[in-house]
$ cat protein.txt   # compact mmCIF, C-alpha atoms
# COMPACT_ATOMS: atom_id res chain seq x y z
CA MET L 1 67.90 82.22 55.39
CA GLU L 2 69.69 85.23 56.85
CA SER L 3 70.13 83.57 60.24
CA VAL L 4 71.47 80.40 58.60
CA ARG L 5 74.11 82.40 56.75
CA ILE L 6 75.26 84.22 59.86
CA GLN L 7 75.49 80.87 61.64
CA TYR L 8 77.77 79.49 58.92
CA ILE L 9 79.93 82.57 59.13
CA ALA L 10 80.13 82.26 62.90
CA ILE L 11 81.06 78.58 62.70
CA VAL L 12 83.75 79.16 60.09
CA GLY L 13 85.05 82.23 61.97
CA SER L 14 85.41 80.56 65.35
CA ALA L 15 86.80 77.38 63.78
CA LEU L 16 89.43 79.49 62.00
CA LEU L 17 90.27 81.25 65.27
CA LEU L 18 90.76 77.90 67.02
CA LEU L 19 92.86 76.53 64.17
CA PHE L 20 94.97 79.67 64.08
CA ILE L 21 95.71 79.40 67.81
CA LEU L 22 96.59 75.70 67.47
CA TYR L 23 98.79 76.56 64.49
CA LEU L 24 100.63 79.21 66.51
CA ILE L 25 101.22 76.73 69.33
CA ARG L 26 102.50 74.12 66.86
CA GLN L 27 104.87 76.70 65.40
CA LYS L 28 106.03 77.49 68.94
CA ARG L 29 105.17 81.15 68.37
CA LEU L 30 102.63 80.89 71.19
CA LYS L 31 103.42 79.06 74.42
CA GLU L 32 100.84 76.60 75.69
CA GLU L 33 100.64 78.27 79.06
CA TYR L 34 99.59 81.57 77.50
CA SER L 35 97.17 80.01 75.03
CA LEU L 36 94.78 78.22 77.38
CA LEU L 37 92.43 81.19 77.73
CA TRP L 38 92.38 81.76 73.97
CA LEU L 39 91.57 78.09 73.40
CA PHE L 40 88.86 78.18 76.06
CA PHE L 41 87.11 81.16 74.50
CA GLY L 42 87.65 79.80 70.98
CA VAL L 43 85.81 76.63 71.97
CA LEU L 44 83.09 78.70 73.67
CA PHE L 45 82.55 80.80 70.52
CA LEU L 46 82.40 77.65 68.40
CA ALA L 47 79.85 76.13 70.78
CA ILE L 48 77.70 79.25 70.59
CA ALA L 49 77.90 79.20 66.79
CA LEU L 50 77.05 75.49 66.48
CA TRP L 51 74.28 75.37 69.03
CA LYS L 52 71.99 78.30 68.37
CA ASP L 53 69.94 77.86 71.51
CA LEU L 54 72.99 78.11 73.78
CA LEU L 55 73.07 81.88 73.43
CA ASN L 56 69.34 82.10 74.19
CA HIS L 57 69.83 79.95 77.28
CA ILE L 58 72.73 82.09 78.44
CA ALA L 59 70.75 85.30 77.86
CA GLU L 60 67.71 83.92 79.65
CA TRP L 61 69.74 82.65 82.56
CA ILE L 62 71.49 85.99 83.07
CA GLY L 63 68.28 87.92 82.44
CA ILE L 64 69.07 89.63 79.14
CA ALA L 65 65.97 90.18 77.00
CA TYR L 66 67.83 90.55 73.71
CA PRO L 67 70.05 87.46 73.15
CA PRO L 68 72.59 89.07 70.78
CA ALA L 69 73.46 91.44 73.64
CA ALA L 70 74.55 88.38 75.60
CA LEU L 71 77.03 87.70 72.80
CA PHE L 72 78.65 91.08 73.40
CA LEU L 73 78.78 90.34 77.10
CA VAL L 74 80.58 87.03 76.49
CA LEU L 75 82.97 88.75 74.08
CA LEU L 76 83.73 91.58 76.49
CA MET L 77 84.26 89.15 79.34
CA ALA L 78 86.64 87.13 77.18
CA LEU L 79 88.65 90.26 76.29
CA PHE L 80 88.75 91.43 79.91
CA VAL L 81 89.94 88.13 81.29
CA ILE L 82 92.61 87.78 78.62
CA MET L 83 93.81 91.37 79.10
CA ILE L 84 94.09 90.88 82.85
CA GLU L 85 96.09 87.72 82.25
CA PHE L 86 98.37 89.73 79.97
CA SER L 87 98.87 92.39 82.64
CA VAL L 88 99.81 89.69 85.13
CA ILE L 89 102.28 88.17 82.68
CA ILE L 90 103.79 91.56 81.83
CA SER L 91 104.19 92.36 85.53
CA ARG L 92 105.94 89.06 86.10
CA HIS L 93 108.25 89.67 83.17
CA SER L 94 109.14 93.18 84.31
CA ARG L 95 110.03 91.70 87.72
CA TRP L 96 112.30 89.20 86.01
CA ILE L 97 113.88 91.86 83.81
CA ARG L 98 114.56 94.07 86.82
CA LYS L 99 116.21 91.16 88.63
CA MET L 100 118.30 90.40 85.55
CA GLY L 101 119.39 94.02 85.22
CA GLN L 102 120.54 94.04 88.83
CA GLU L 103 122.36 90.73 88.50
CA ILE L 104 124.12 91.91 85.33
CA GLY L 105 125.19 95.11 87.07
CA LEU L 106 126.54 93.24 90.10
CA MET L 107 128.33 90.70 87.92
CA LYS L 108 129.95 93.38 85.77
CA THR L 109 131.32 95.02 88.90
CA GLU L 110 132.59 91.70 90.19
CA ILE L 111 134.27 90.84 86.88
CA GLU L 112 135.98 94.22 86.70
CA GLU L 113 137.32 93.74 90.21
CA LEU L 114 138.60 90.26 89.42
CA LYS L 115 140.34 91.55 86.29
CA LYS L 116 141.92 94.40 88.19
CA LYS L 117 143.10 92.02 90.90
CA GLU L 118 144.52 89.63 88.31
CA SER L 119 146.48 92.31 86.49
CA ASN L 120 147.83 93.54 89.83
CA ASP L 121 148.91 89.99 90.70
CA HIS L 122 150.73 89.71 87.37
CA LYS L 123 152.59 92.93 88.01
CA ALA L 124 153.66 91.75 91.46
CA MET W 1 131.16 99.00 111.76
CA LYS W 2 131.10 98.84 107.96
CA ILE W 3 129.16 101.74 106.54
CA LEU W 4 128.13 102.01 102.90
CA VAL W 5 126.84 105.12 101.19
CA ILE W 6 124.52 104.13 98.34
CA ILE W 7 124.35 106.84 95.69
CA PRO W 8 121.73 106.23 93.02
CA ALA W 9 122.66 108.17 89.89
CA TYR W 10 120.74 108.74 86.69
CA ASN W 11 122.39 111.24 84.35
CA GLU W 12 124.18 113.05 87.18
CA ALA W 13 127.40 113.83 85.32
CA GLU W 14 127.09 117.49 86.35
CA SER W 15 127.02 116.84 90.07
CA ILE W 16 128.32 113.34 90.83
CA GLY W 17 131.98 114.38 90.74
CA ASN W 18 131.39 117.09 93.34
CA VAL W 19 129.47 114.72 95.58
CA ILE W 20 132.25 112.13 95.50
CA SER W 21 135.06 114.65 96.04
CA SER W 22 133.33 116.17 99.03
CA PHE W 23 132.93 112.73 100.58
CA GLY W 24 136.65 112.24 100.08
CA GLN W 25 137.34 115.47 101.94
CA ASP W 26 134.79 115.31 104.74
CA ARG W 27 134.00 111.64 105.37
CA PRO W 28 136.83 109.58 103.83
CA GLU W 29 136.09 106.67 106.17
CA LEU W 30 132.77 105.89 104.46
CA ASP W 31 132.61 103.40 101.58
CA LEU W 32 130.91 104.81 98.49
CA LEU W 33 128.82 102.85 96.03
CA VAL W 34 127.42 104.59 92.97
CA VAL W 35 124.64 102.69 91.22
CA ASN W 36 124.38 104.07 87.71
CA ASP W 37 120.81 103.54 86.60
CA GLY W 38 121.47 103.27 82.87
CA SER W 39 122.59 106.89 82.43
CA ILE W 40 123.15 108.12 78.89
CA ASP W 41 125.70 110.75 79.94
CA GLU W 42 129.25 110.42 81.31
CA THR W 43 128.23 109.55 84.87
CA SER W 44 130.16 106.27 84.83
CA ASP W 45 133.31 107.76 83.28
CA ILE W 46 133.43 110.35 86.03
CA VAL W 47 132.89 107.80 88.80
CA ARG W 48 135.64 105.55 87.39
CA LYS W 49 138.20 108.31 87.96
CA TYR W 50 137.85 107.76 91.69
CA GLU W 51 139.78 104.63 92.66
CA ASN W 52 138.04 103.89 95.93
CA VAL W 53 134.46 104.34 94.75
CA LYS W 54 132.57 101.19 93.83
CA LEU W 55 130.47 101.44 90.70
CA ILE W 56 127.57 99.27 89.62
CA GLU W 57 126.34 99.91 86.11
CA LEU W 58 122.81 98.78 85.41
CA PRO W 59 122.34 97.79 81.76
CA PHE W 60 119.16 99.86 81.45
CA ASN W 61 117.12 102.35 83.45
CA LEU W 62 115.36 100.47 86.26
CA GLY W 63 114.01 103.51 88.08
CA ILE W 64 114.98 104.66 91.55
CA GLY W 65 113.47 101.57 93.22
CA GLY W 66 115.39 98.96 91.26
CA CYS W 67 118.50 101.11 91.43
CA VAL W 68 118.61 101.53 95.22
CA HIS W 69 117.50 97.91 95.63
CA CYS W 70 120.65 96.87 93.79
CA GLY W 71 122.65 98.88 96.32
CA PHE W 72 120.96 97.01 99.17
CA ILE W 73 121.70 93.65 97.55
CA TYR W 74 125.35 94.70 97.34
CA ALA W 75 125.35 95.94 100.95
CA ALA W 76 123.83 92.68 102.23
CA ALA W 77 126.22 90.52 100.18
CA ASN W 78 129.22 92.47 101.47
CA ASN W 79 128.14 92.41 105.09
CA TYR W 80 127.63 96.09 105.67
CA ASP W 81 126.26 97.12 109.05
CA ILE W 82 124.78 100.41 107.96
CA ALA W 83 123.63 101.78 104.63
CA ILE W 84 123.06 105.44 103.89
CA GLN W 85 121.08 106.49 100.87
CA PHE W 86 122.45 109.70 99.46
CA ASP W 87 121.30 111.34 96.23
CA GLY W 88 123.81 111.97 93.47
CA ASP W 89 122.28 115.28 92.43
CA GLY W 90 123.82 117.36 95.20
CA GLN W 91 120.57 117.89 97.13
CA HIS W 92 121.86 116.20 100.25
CA LEU W 93 124.62 117.65 102.41
CA ILE W 94 127.50 115.60 103.74
CA SER W 95 127.64 117.80 106.83
CA GLU W 96 124.14 116.57 107.71
CA ILE W 97 125.00 112.86 107.54
CA GLU W 98 125.85 112.55 111.21
CA LYS W 99 122.31 113.58 112.10
CA ILE W 100 120.85 110.51 110.44
CA LEU W 101 123.85 108.22 111.00
CA ASP W 102 124.46 108.64 114.73
CA PRO W 103 121.03 107.45 115.96
CA VAL W 104 121.41 104.30 113.85
CA LEU W 105 125.00 103.78 115.03
CA GLU W 106 123.86 104.04 118.62
CA GLY W 107 121.06 101.56 117.98
CA ASP W 108 118.24 103.93 118.90
CA VAL W 109 116.41 103.35 115.63
CA ASP W 110 116.50 100.94 112.68
CA CYS W 111 115.93 103.66 110.12
CA MET W 112 116.54 107.38 110.35
CA ILE W 113 115.07 109.73 107.78
CA GLY W 114 116.44 113.18 107.00
CA SER W 115 113.47 115.50 106.72
CA ARG W 116 113.09 118.86 105.02
CA PHE W 117 109.93 119.81 106.84
CA LEU W 118 110.50 119.58 110.58
CA GLN W 119 111.71 123.18 110.83
CA ASP W 120 110.49 126.11 108.86
CA HIS W 121 113.37 128.50 108.56
CA ASP W 122 116.20 128.35 106.07
CA SER W 123 115.09 125.10 104.59
CA PHE W 124 114.09 124.02 101.14
CA ARG W 125 110.40 124.81 100.53
CA PRO W 126 108.63 123.11 97.66
CA ALA W 127 105.82 124.80 95.71
CA SER W 128 102.61 124.95 97.74
CA ILE W 129 100.82 122.57 95.41
CA ARG W 130 103.42 119.96 96.26
CA MET W 131 102.79 120.57 99.95
CA ILE W 132 99.20 119.30 99.50
CA GLY W 133 100.52 115.99 98.23
CA ILE W 134 103.13 115.81 100.96
CA ARG W 135 100.47 116.43 103.65
CA LEU W 136 98.26 113.77 102.10
CA LEU W 137 101.02 111.16 102.19
CA ARG W 138 101.83 112.06 105.78
CA ALA W 139 98.18 111.67 106.84
CA PHE W 140 97.87 108.36 105.05
CA SER W 141 101.03 107.05 106.65
CA PHE W 142 99.68 108.04 110.06
CA LEU W 143 96.45 106.21 109.29
CA LEU W 144 98.25 102.99 108.35
CA ILE W 145 101.12 102.76 110.84
CA ARG W 146 100.27 105.43 113.41
CA GLN W 147 103.41 107.31 112.51
CA GLY W 148 103.24 110.32 110.25
CA ILE W 149 106.78 110.85 109.03
CA SER W 150 106.66 114.45 107.80
CA ASP W 151 108.92 114.06 104.78
CA GLN W 152 107.62 110.88 103.16
CA THR W 153 109.55 111.29 99.94
CA SER W 154 112.94 112.10 101.38
CA GLY W 155 115.66 109.90 99.93
CA PHE W 156 118.15 110.89 102.64
CA ARG W 157 118.10 107.91 105.00
CA ALA W 158 120.26 105.68 107.13
CA TYR W 159 119.44 102.00 107.68
CA ASN W 160 120.88 99.39 110.03
CA LYS W 161 121.79 95.81 109.15
CA ARG W 162 118.32 94.40 109.80
CA CYS W 163 116.86 96.88 107.33
CA ILE W 164 119.60 96.11 104.79
CA GLU W 165 118.81 92.40 104.89
CA PHE W 166 115.08 93.10 104.74
CA PHE W 167 115.37 95.37 101.71
CA ALA W 168 117.85 93.16 99.87
CA GLU W 169 115.00 90.62 99.77
CA GLN W 170 112.18 92.94 98.71
CA TYR W 171 112.13 96.51 97.58
CA PRO W 172 109.36 98.43 95.84
CA ASP W 173 109.62 99.53 92.22
CA HIS W 174 108.74 103.11 91.42
CA TYR W 175 108.59 106.13 93.74
CA PRO W 176 109.37 103.77 96.63
CA GLU W 177 110.01 106.10 99.58
CA PRO W 178 106.54 106.33 101.18
CA GLU W 179 105.91 102.64 100.60
CA LEU W 180 109.17 101.81 102.37
CA ILE W 181 107.97 103.62 105.48
CA ILE W 182 104.79 101.51 105.57
CA MET W 183 106.81 98.31 105.04
CA LEU W 184 109.19 99.18 107.85
CA GLY W 185 106.42 100.23 110.19
CA ARG W 186 104.34 97.13 109.54
CA HIS W 187 107.31 94.82 110.06
CA GLY W 188 108.09 96.32 113.43
CA PHE W 189 111.14 98.37 112.50
CA LYS W 190 111.74 101.52 114.48
CA ILE W 191 111.70 104.62 112.28
CA SER W 192 112.38 108.20 113.19
CA GLU W 193 113.16 111.45 111.44
CA VAL W 194 115.31 114.45 112.05
CA PHE W 195 115.46 117.83 110.41
CA THR W 196 118.27 118.11 107.86
CA GLN W 197 119.24 120.98 105.61
CA MET W 198 118.89 120.28 101.93
CA ARG W 199 119.97 122.24 98.91
CA GLU W 200 118.11 122.98 95.75
CA ARG W 201 119.31 120.48 93.19
CA GLN W 202 122.49 121.45 91.30
CA GLY W 203 121.63 119.69 88.08
CA GLY W 204 118.89 117.58 86.56
CA VAL W 205 115.14 118.00 87.08
CA SER W 206 112.68 116.71 89.69
CA SER W 207 111.62 113.15 89.03
CA ILE W 208 108.00 114.27 89.49
CA PRO W 209 106.86 117.26 87.43
CA VAL W 210 103.89 119.12 88.93
CA TRP W 211 101.43 118.08 86.21
CA LYS W 212 102.09 114.44 87.02
CA GLY W 213 101.31 115.13 90.68
CA PRO W 214 97.82 113.62 90.95
CA TYR W 215 98.95 110.51 89.08
CA TYR W 216 101.95 110.17 91.37
CA ILE W 217 99.88 110.63 94.52
CA ILE W 218 97.27 108.05 93.52
CA ARG W 219 99.95 105.57 92.56
CA VAL W 220 101.84 106.05 95.81
CA LEU W 221 98.69 105.87 97.96
CA LEU W 222 97.77 102.61 96.24
CA ALA W 223 101.27 101.24 96.79
CA MET W 224 101.15 102.24 100.47
CA LEU W 225 97.76 100.62 100.95
CA MET W 226 98.95 97.43 99.26
CA ALA W 227 102.10 97.31 101.39
CA TYR W 228 99.79 97.56 104.39
CA LEU W 229 97.41 94.85 103.14
CA ARG W 230 100.24 92.45 102.33
CA THR W 231 101.43 92.45 105.92
CA PHE W 232 97.82 92.32 107.08
CA ASN W 233 97.40 88.99 105.30
CA HIS W 234 100.75 87.92 106.63
CA SER W 235 99.69 88.43 110.24
CA LEU W 236 96.36 86.68 109.63
CA ASN W 237 98.14 83.62 108.26
CA LYS W 238 100.23 83.40 111.38

$ encode --input "protein.txt" --output "structure tokens"
Amino acid sequence: MESVRIQYIAIVGSALLLLFILYLIRQKRLKEEYSLLWLFFGVLFLAIALWKDLLNHIAEWIGIAYPPAALFLVLLMALFVIMIEFSVIISRHSRWIRKMGQEIGLMKTEIEELKKKESNDHKA
Amino acid sequence: MKILVIIPAYNEAESIGNVISSFGQDRPELDLLVVNDGSIDETSDIVRKYENVKLIELPFNLGIGGCVHCGFIYAAANNYDIAIQFDGDGQHLISEIEKILDPVLEGDVDCMIGSRFLQDHDSFRPASIRMIGIRLLRAFSFLLIRQGISDQTSGFRAYNKRCIEFFAEQYPDHYPEPELIIMLGRHGFKISEVFTQMRERQGGVSSIPVWKGPYYIIRVLLAMLMAYLRTFNHSLNK
């Protein structure tokens, strides 16, 4: 009975995770391009929860004697991949922000010069 | 020959006025550009008092890399032939500019670096623990481009037009000086260095406190290695 209960919990949990991600995308609080990995792992967790033997197969294939340990491996992998993706995205954004800062600085200087020139022209 | 002096300034209100006035006295023919890297003091107000000095105000602190990069973008857009990087904290001496400027003017080199370490006497000596890092950077630079510029972190440099256009396109982010040397070396630019006097800073503090040293060194070594590997790929693709 115990293992049946934990399976239900796992199914409900991963289904909720998937729904929550879809909800965030629908609300436009999460962009599709950044949600693909979350969706992928959400589906993977749901598959593991629905099909009990999948985890055993994964564990056997990798060579892990204790199947629940394979679950931790999958989880850790998921977190790692997603965190790396975040680092890439953050790096890209900081590049954009830097570029924007420079452009704003250059434009401010240009505008000030134009204004100065204009006021000089008016005086003349 | 249009020559631009790029002065990166972050909270240099104490010293920036002196630097600009001494340029006015000693080298009035040079164009000055102060890039204010999001200072929270009166740096900009002071610079504005000088009619002939160009000022770029960055909306937030980009760090020395993004700040000097902005100067290069300006230099390239305004067709400057030579750019000199000159710190706003009073460390660099105007009387020493000709030493780095003349070789670039004469076309002997693409980039000339003013070094603190080529002569021993009378010059600025950093704490010995810093010397370890400086030696390490020098050795690594020699390993990668067969040229061990002795003062890797010097920000006192003159660049010709080719360098200006190159760096307007791409310029490293943080602590960029050693990485720049690798980039230049790997792209076939001719670099050299000359001993220049430098003063202890007049205001402000070093951008790298000693306790951050190991972190700084590892970060810079990684950046240098990556600059090397990027061009390595580049030459393979060709």

$ closest_atom_pairs --input "protein.txt" --of "chain L" --to "chain W" --cutoff "10 Å" --atoms "only C-alpha atoms" --output "JSON lines"
{"residue": "L:Ser94", "atom": "CA", "partner": "W:Leu62", "partner_atom": "CA", "distance": 9.8}
{"residue": "L:Arg95", "atom": "CA", "partner": "W:Asp173", "partner_atom": "CA", "distance": 9.0}
{"residue": "L:Ile97", "atom": "CA", "partner": "W:Leu62", "partner_atom": "CA", "distance": 9.1}
{"residue": "L:Arg98", "atom": "CA", "partner": "W:Leu62", "partner_atom": "CA", "distance": 6.5}
{"residue": "L:Lys99", "atom": "CA", "partner": "W:Gly66", "partner_atom": "CA", "distance": 8.3}
{"residue": "L:Met100", "atom": "CA", "partner": "W:Pro59", "partner_atom": "CA", "distance": 9.2}
{"residue": "L:Gly101", "atom": "CA", "partner": "W:Leu58", "partner_atom": "CA", "distance": 5.9}
{"residue": "L:Gln102", "atom": "CA", "partner": "W:Cys70", "partner_atom": "CA", "distance": 5.7}
{"residue": "L:Glu103", "atom": "CA", "partner": "W:Cys70", "partner_atom": "CA", "distance": 8.3}
{"residue": "L:Ile104", "atom": "CA", "partner": "W:Leu58", "partner_atom": "CA", "distance": 7.0}
{"residue": "L:Gly105", "atom": "CA", "partner": "W:Leu58", "partner_atom": "CA", "distance": 4.7}
{"residue": "L:Leu106", "atom": "CA", "partner": "W:Ile56", "partner_atom": "CA", "distance": 6.1}
{"residue": "L:Met107", "atom": "CA", "partner": "W:Ile56", "partner_atom": "CA", "distance": 8.8}
{"residue": "L:Lys108", "atom": "CA", "partner": "W:Ile56", "partner_atom": "CA", "distance": 7.4}
{"residue": "L:Thr109", "atom": "CA", "partner": "W:Ile56", "partner_atom": "CA", "distance": 5.7}
{"residue": "L:Glu110", "atom": "CA", "partner": "W:Ile56", "partner_atom": "CA", "distance": 9.1}
{"residue": "L:Glu112", "atom": "CA", "partner": "W:Leu55", "partner_atom": "CA", "distance": 9.9}
{"residue": "L:Glu113", "atom": "CA", "partner": "W:Lys54", "partner_atom": "CA", "distance": 9.5}

$ residues_near_point --input "protein.txt" --point "(78.0, 74.2, 67.6)" --cutoff "12 Å" --atoms "all atoms listed in the file" --output "VMD selection string"
chain L and resid 7 to 8 10 to 12 14 to 15 42 to 55

$ residues_around --input "protein.txt" --residues "Val81 of chain L" --least-positions-apart "6" --cutoff "12 Å" --atoms "all atoms listed in the file" --output "list in words"
Leu36, Leu37, Trp38, Phe40, Phe41, Val74, Leu75, Ser87 and Val88 of chain L

$ write_last_selection --input "protein.txt" --atoms "C-alpha atoms" --output "PDB file, in the frame of the given file"
ATOM      1  CA  LEU L  36      94.780  78.220  77.380  1.00  0.00           C
ATOM      2  CA  LEU L  37      92.430  81.190  77.730  1.00  0.00           C
ATOM      3  CA  TRP L  38      92.380  81.760  73.970  1.00  0.00           C
ATOM      4  CA  PHE L  40      88.860  78.180  76.060  1.00  0.00           C
ATOM      5  CA  PHE L  41      87.110  81.160  74.500  1.00  0.00           C
ATOM      6  CA  VAL L  74      80.580  87.030  76.490  1.00  0.00           C
ATOM      7  CA  LEU L  75      82.970  88.750  74.080  1.00  0.00           C
ATOM      8  CA  SER L  87      98.870  92.390  82.640  1.00  0.00           C
ATOM      9  CA  VAL L  88      99.810  89.690  85.130  1.00  0.00           C
TER      10      VAL L  88
END

$ residues_around --input "protein.txt" --residues "Thr43 of chain W" --least-positions-apart "3" --cutoff "7 Å" --atoms "all atoms listed in the file" --output "JSON, numbers by chain"
{"W": [11, 12, 13, 39, 46, 47]}

$ atom_distance --input "protein.txt" --atom1 "atom CA of Asn160 of chain W" --atom2 "atom CA of Ile82 of chain W"
4.5 Å

$ residues_around --input "protein.txt" --residues "Phe140 of chain W" --least-positions-apart "4" --cutoff "12 Å" --atoms "all atoms listed in the file" --output "list in words"
Gly133, Ile134, Arg135, Leu136, Leu144, Ile145, Arg146, Gln147, Gly148, Ile149, Ser150, Gln152, Pro178, Glu179, Ile181, Ile182, Ile217, Ile218, Val220, Leu221, Leu222, Ala223, Met224, Leu225 and Tyr228 of chain W

$ atom_distance --input "protein.txt" --atom1 "atom CA of Arg230 of chain W" --atom2 "atom CA of Leu180 of chain W"
12.9 Å

$ residues_around --input "protein.txt" --residues "Phe86 of chain L" --least-positions-apart "5" --cutoff "12 Å" --atoms "all atoms listed in the file" --output "NGL selection string"
:L and (33-35 or 37-38 or 79-81 or 91-93)

$ atom_distance --input "protein.txt" --atom1 "atom CA of Lys31 of chain L" --atom2 "atom CA of Leu17 of chain L"
16.2 Å

$ decode --input "protein.txt" --residues "segment 106-123 of chain L" --atoms "N, CA and C atoms" --output "PDB file, in the first residue's frame"
ATOM      1  N   LEU L 106      26.479  57.335 -24.784  1.00  0.00           N
ATOM      2  CA  LEU L 106      26.865  58.010 -26.030  1.00  0.00           C
ATOM      3  C   LEU L 106      25.747  58.924 -26.520  1.00  0.00           C
ATOM      4  N   MET L 107      24.497  58.456 -26.394  1.00  0.00           N
ATOM      5  CA  MET L 107      23.378  59.261 -26.882  1.00  0.00           C
ATOM      6  C   MET L 107      23.188  60.528 -26.042  1.00  0.00           C
ATOM      7  N   LYS L 108      23.368  60.384 -24.712  1.00  0.00           N
ATOM      8  CA  LYS L 108      23.238  61.555 -23.850  1.00  0.00           C
ATOM      9  C   LYS L 108      24.241  62.637 -24.255  1.00  0.00           C
ATOM     10  N   THR L 109      25.484  62.181 -24.508  1.00  0.00           N
ATOM     11  CA  THR L 109      26.522  63.126 -24.918  1.00  0.00           C
ATOM     12  C   THR L 109      26.141  63.811 -26.221  1.00  0.00           C
ATOM     13  N   GLU L 110      25.626  62.995 -27.161  1.00  0.00           N
ATOM     14  CA  GLU L 110      25.263  63.540 -28.464  1.00  0.00           C
ATOM     15  C   GLU L 110      24.133  64.561 -28.334  1.00  0.00           C
ATOM     16  N   ILE L 111      23.139  64.216 -27.509  1.00  0.00           N
ATOM     17  CA  ILE L 111      21.993  65.115 -27.329  1.00  0.00           C
ATOM     18  C   ILE L 111      22.446  66.440 -26.712  1.00  0.00           C
ATOM     19  N   GLU L 112      23.301  66.342 -25.697  1.00  0.00           N
ATOM     20  CA  GLU L 112      23.792  67.568 -25.056  1.00  0.00           C
ATOM     21  C   GLU L 112      24.497  68.464 -26.055  1.00  0.00           C
ATOM     22  N   GLU L 113      25.299  67.824 -26.933  1.00  0.00           N
ATOM     23  CA  GLU L 113      26.026  68.604 -27.930  1.00  0.00           C
ATOM     24  C   GLU L 113      25.078  69.281 -28.908  1.00  0.00           C
ATOM     25  N   LEU L 114      24.055  68.522 -29.336  1.00  0.00           N
ATOM     26  CA  LEU L 114      23.077  69.083 -30.269  1.00  0.00           C
ATOM     27  C   LEU L 114      22.362  70.280 -29.643  1.00  0.00           C
ATOM     28  N   LYS L 115      21.984  70.114 -28.359  1.00  0.00           N
ATOM     29  CA  LYS L 115      21.286  71.203 -27.665  1.00  0.00           C
ATOM     30  C   LYS L 115      22.164  72.444 -27.584  1.00  0.00           C
ATOM     31  N   LYS L 116      23.425  72.213 -27.235  1.00  0.00           N
ATOM     32  CA  LYS L 116      24.367  73.322 -27.096  1.00  0.00           C
ATOM     33  C   LYS L 116      24.502  74.057 -28.424  1.00  0.00           C
ATOM     34  N   LYS L 117      24.617  73.244 -29.507  1.00  0.00           N
ATOM     35  CA  LYS L 117      24.807  73.800 -30.835  1.00  0.00           C
ATOM     36  C   LYS L 117      23.578  74.630 -31.218  1.00  0.00           C
ATOM     37  N   GLU L 118      22.396  74.079 -30.886  1.00  0.00           N
ATOM     38  CA  GLU L 118      21.153  74.743 -31.240  1.00  0.00           C
ATOM     39  C   GLU L 118      21.043  76.089 -30.531  1.00  0.00           C
ATOM     40  N   SER L 119      21.349  76.093 -29.241  1.00  0.00           N
ATOM     41  CA  SER L 119      21.218  77.341 -28.487  1.00  0.00           C
ATOM     42  C   SER L 119      22.243  78.368 -28.988  1.00  0.00           C
ATOM     43  N   ASN L 120      23.401  77.888 -29.412  1.00  0.00           N
ATOM     44  CA  ASN L 120      24.396  78.796 -29.989  1.00  0.00           C
ATOM     45  C   ASN L 120      23.893  79.384 -31.302  1.00  0.00           C
ATOM     46  N   ASP L 121      23.237  78.525 -32.113  1.00  0.00           N
ATOM     47  CA  ASP L 121      22.707  78.984 -33.396  1.00  0.00           C
ATOM     48  C   ASP L 121      21.631  80.045 -33.181  1.00  0.00           C
ATOM     49  N   HIS L 122      20.817  79.870 -32.143  1.00  0.00           N
ATOM     50  CA  HIS L 122      19.765  80.832 -31.848  1.00  0.00           C
ATOM     51  C   HIS L 122      20.351  82.181 -31.469  1.00  0.00           C
ATOM     52  N   LYS L 123      21.439  82.113 -30.691  1.00  0.00           N
ATOM     53  CA  LYS L 123      22.073  83.362 -30.254  1.00  0.00           C
ATOM     54  C   LYS L 123      22.643  84.120 -31.447  1.00  0.00           C
TER      55      LYS L 123
END
